[in-house]
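Report on the following structure.
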Amino acid sequence: VHLPEKIAATVEHLSRIPGIGKRTALRYALFLTRRSRDDLHALADSIRGLQEIKKCQKCNLLSDDNMCSICRDPQRLELGIICVVEDIVDCLAIERSGQYRGHYHILGGVLNPLMGIGPQELTIDKLVERIKEENIHTVILAINPSVEGDATCSYIKQVLPDGINIDRIGFGMPMGGHLEHLDALTISKALENRKRM
Ligand SMILES: [Zn+2]
């Protein structure tokens with residue numbers, strides 16, 4: 001059976017989303033054919049709007065503006081703490097725990113020479129710059145435990161200026177574990193039990 005072209009095209013696009021196979025994509029596409037015109041327009045508009053998403057010039061978090069709401073929050077700046085994470089999902093996981101009120105820095109991944117990801121591919125230079133400019137006294141490395149994550153932490157420790165406290169969280173987290181899959185309580189504990197590097 002050949003699907004109508006418009007459905008096939010939608011299935012094709014949806015199935016490129018990680019975790020969505022062809023069958024799930026087809027179910028979604030069929031569901032969408034039953035939605036009202038207004039609903040479909042709203043969905044299409046929201047997706048189109050993603051083109052306009054920016055990255056915060058400071059921390060690299062996705063943002064509607066040049067600076068994200070966390071960086072704009074003056075109460076957070078006073079703390080002088082930056083929490084370094086791989087990705088936006090890690091930042092959201094820590095925010096969900098409600099246990100952290102400092103700033104973030106999104107690295108955009110971890111060092112991985114085999115995949116061609118060196119320091120230049122990450123936002124490490126920008127982190128060093130921020131530490132000099134923003135009166136930061138403590139950096140919390142909330143990098144997921146893995147061989148690459150560990151190497152990234154060591155590298156960051158090397159390039160940060162002297163006199164900065166560098167703590168790492170996630171001790172007790174399994175190798176290959178990810179912050180985004182931890183519950184709020186475990187994240188709170190991991191933040192509490194951070195270890196000075
Ligand atoms: Zn920001």
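In the structure tokens, chains take the letters A, B, ... in the order shown, each chain's residues start at 1, and ligands count up from 1 in the order shown.
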- When the cut-off is 8 Å and you count only C-alpha atoms and all ligand atoms, which residues lie near ligand 1, shown as a list in words?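 Counting only C-alpha atoms and all ligand atoms, the residues within 8 Å of ligand 1 come out as Lys55, Cys56, Gln57, Lys58, Cys59, Asn60, Leu61, Leu62, Ser63, Met67, Cys68, Ser69, Ile70, Cys71, Arg72, His103, Tyr104 and His105 of chain A.
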- Message: Among region 35-172 of chain A, which residues does DSSP mark as strand (DSSP E or B) when it is run on the backbone? Keep the chain and numbering as in the structure and answer as a VMD selection string.
- Response: chain A and resid 54 to 55 62 to 63 81 to 85 103 to 106 112 117 138 to 142 165 to 168 171
- Between CA of Arg34 (chain A) and CA of His13 (chain A), what is the distance, to one decimal in Å? 18.3 Å
- Interatomic distance, CA of Gly102 (chain A) to CA of Glu52 (chain A) (Å, one decimal): 26.7 Å
- Query: Which distance in Å separates CA of Val110 (chain A) and CA of Leu79 (chain A), to one decimal?
  - Reply: 25.7 Å
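The residue set within 12 Å of Lys195 (chain A), counting only C-alpha atoms and dropping same-chain residues fewer than 6 places from it, reads Val139, Ile140, Leu141, Ala142, Asn165, Ile166, Asp167, Arg168, Ile169, Gly170, Phe171, Gly172 and Lys189 of chain A.
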Export C-alpha atoms of the chosen residues as a PDB file, in the first residue's frame?
```
ATOM      1  CA  VAL A 139      33.337  26.020  39.064  1.00  0.00           C
ATOM      2  CA  ILE A 140      31.204  22.909  39.452  1.00  0.00           C
ATOM      3  CA  LEU A 141      31.869  20.308  36.794  1.00  0.00           C
ATOM      4  CA  ALA A 142      28.598  18.441  36.262  1.00  0.00           C
ATOM      5  CA  ASN A 165      37.685  26.154  43.336  1.00  0.00           C
ATOM      6  CA  ILE A 166      36.926  23.281  41.011  1.00  0.00           C
ATOM      7  CA  ASP A 167      34.415  20.696  42.196  1.00  0.00           C
ATOM      8  CA  ARG A 168      33.101  17.677  40.384  1.00  0.00           C
ATOM      9  CA  ILE A 169      29.715  16.100  40.985  1.00  0.00           C
ATOM     10  CA  GLY A 170      28.453  12.686  40.041  1.00  0.00           C
ATOM     11  CA  PHE A 171      30.636  10.524  42.235  1.00  0.00           C
ATOM     12  CA  GLY A 172      28.496   7.492  42.838  1.00  0.00           C
ATOM     13  CA  LYS A 189      22.737  14.475  46.621  1.00  0.00           C
TER      14      LYS A 189
END
```
- With only C-alpha atoms as the atoms that count, which of A:Leu111, A:Met175, A:Ala184, A:Ile124 lies nearest to Thr152 (chain A)?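 Of A:Leu111, A:Met175, A:Ala184, A:Ile124, the one nearest Thr152 (chain A) is A:Leu111, counting only C-alpha atoms.
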- So which bits of chain A end up alpha helix (DSSP H) when you DSSP the backbone, as a ChimeraX atom specification? /A:5-14,22-33,37-49,69-72,74-77,88-97,124-133,147-159,184-192
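Take the candidates A:Leu114, A:Leu32, A:Val89, A:Val84 and check each one against Ala44 (chain A) using only C-alpha atoms; the shortest distance goes to A:Leu32.
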- Within 12 Å of Lys22 (chain A), counting only C-alpha atoms, which residues qualify if same-chain residues fewer than 6 places away don't, as a VMD selection string? chain A and resid 7 to 16 28 to 29
Just to be explicit: take each residue in the selection above, keep N, CA, C and O atoms, and write the result as an mmCIF file, in the first residue's frame.
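What ended up in result-v8.cif:
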```cif
data_model
loop_
_atom_site.group_PDB
_atom_site.id
_atom_site.type_symbol
_atom_site.label_atom_id
_atom_site.label_comp_id
_atom_site.auth_asym_id
_atom_site.auth_seq_id
_atom_site.Cartn_x
_atom_site.Cartn_y
_atom_site.Cartn_z
ATOM 1 N N ILE A 7 1.393 12.265 3.623
ATOM 2 C CA ILE A 7 1.605 11.500 4.856
ATOM 3 C C ILE A 7 3.002 10.892 4.844
ATOM 4 O O ILE A 7 3.731 10.957 5.846
ATOM 5 N N ALA A 8 3.393 10.346 3.710
ATOM 6 C CA ALA A 8 4.730 9.733 3.606
ATOM 7 C C ALA A 8 5.819 10.747 3.938
ATOM 8 O O ALA A 8 6.792 10.426 4.631
ATOM 9 N N ALA A 9 5.630 11.983 3.471
ATOM 10 C CA ALA A 9 6.640 13.013 3.731
ATOM 11 C C ALA A 9 6.719 13.315 5.227
ATOM 12 O O ALA A 9 7.805 13.458 5.795
ATOM 13 N N THR A 10 5.551 13.407 5.872
ATOM 14 C CA THR A 10 5.528 13.689 7.310
ATOM 15 C C THR A 10 6.178 12.547 8.086
ATOM 16 O O THR A 10 6.973 12.774 9.008
ATOM 17 N N VAL A 11 5.857 11.318 7.690
ATOM 18 C CA VAL A 11 6.450 10.139 8.342
ATOM 19 C C VAL A 11 7.967 10.187 8.194
ATOM 20 O O VAL A 11 8.715 9.959 9.154
ATOM 21 N N GLU A 12 8.415 10.515 7.012
ATOM 22 C CA GLU A 12 9.852 10.590 6.740
ATOM 23 C C GLU A 12 10.543 11.573 7.701
ATOM 24 O O GLU A 12 11.562 11.268 8.303
ATOM 25 N N HIS A 13 9.940 12.751 7.851
ATOM 26 C CA HIS A 13 10.561 13.765 8.722
ATOM 27 C C HIS A 13 10.495 13.369 10.190
ATOM 28 O O HIS A 13 11.475 13.525 10.924
ATOM 29 N N LEU A 14 9.332 12.868 10.616
ATOM 30 C CA LEU A 14 9.188 12.496 12.035
ATOM 31 C C LEU A 14 10.127 11.359 12.412
ATOM 32 O O LEU A 14 10.662 11.322 13.514
ATOM 33 N N SER A 15 10.351 10.439 11.471
ATOM 34 C CA SER A 15 11.157 9.259 11.815
ATOM 35 C C SER A 15 12.649 9.600 11.928
ATOM 36 O O SER A 15 13.438 8.765 12.343
ATOM 37 N N ARG A 16 13.011 10.827 11.562
ATOM 38 C CA ARG A 16 14.412 11.242 11.772
ATOM 39 C C ARG A 16 14.668 11.655 13.210
ATOM 40 O O ARG A 16 15.809 11.857 13.617
ATOM 41 N N TYR A 28 1.878 8.935 14.507
ATOM 42 C CA TYR A 28 1.816 10.375 14.751
ATOM 43 C C TYR A 28 1.225 11.097 13.536
ATOM 44 O O TYR A 28 0.386 11.974 13.670
ATOM 45 N N ALA A 29 1.697 10.717 12.364
ATOM 46 C CA ALA A 29 1.232 11.393 11.148
ATOM 47 C C ALA A 29 -0.272 11.185 10.979
ATOM 48 O O ALA A 29 -1.010 12.135 10.652
#
```
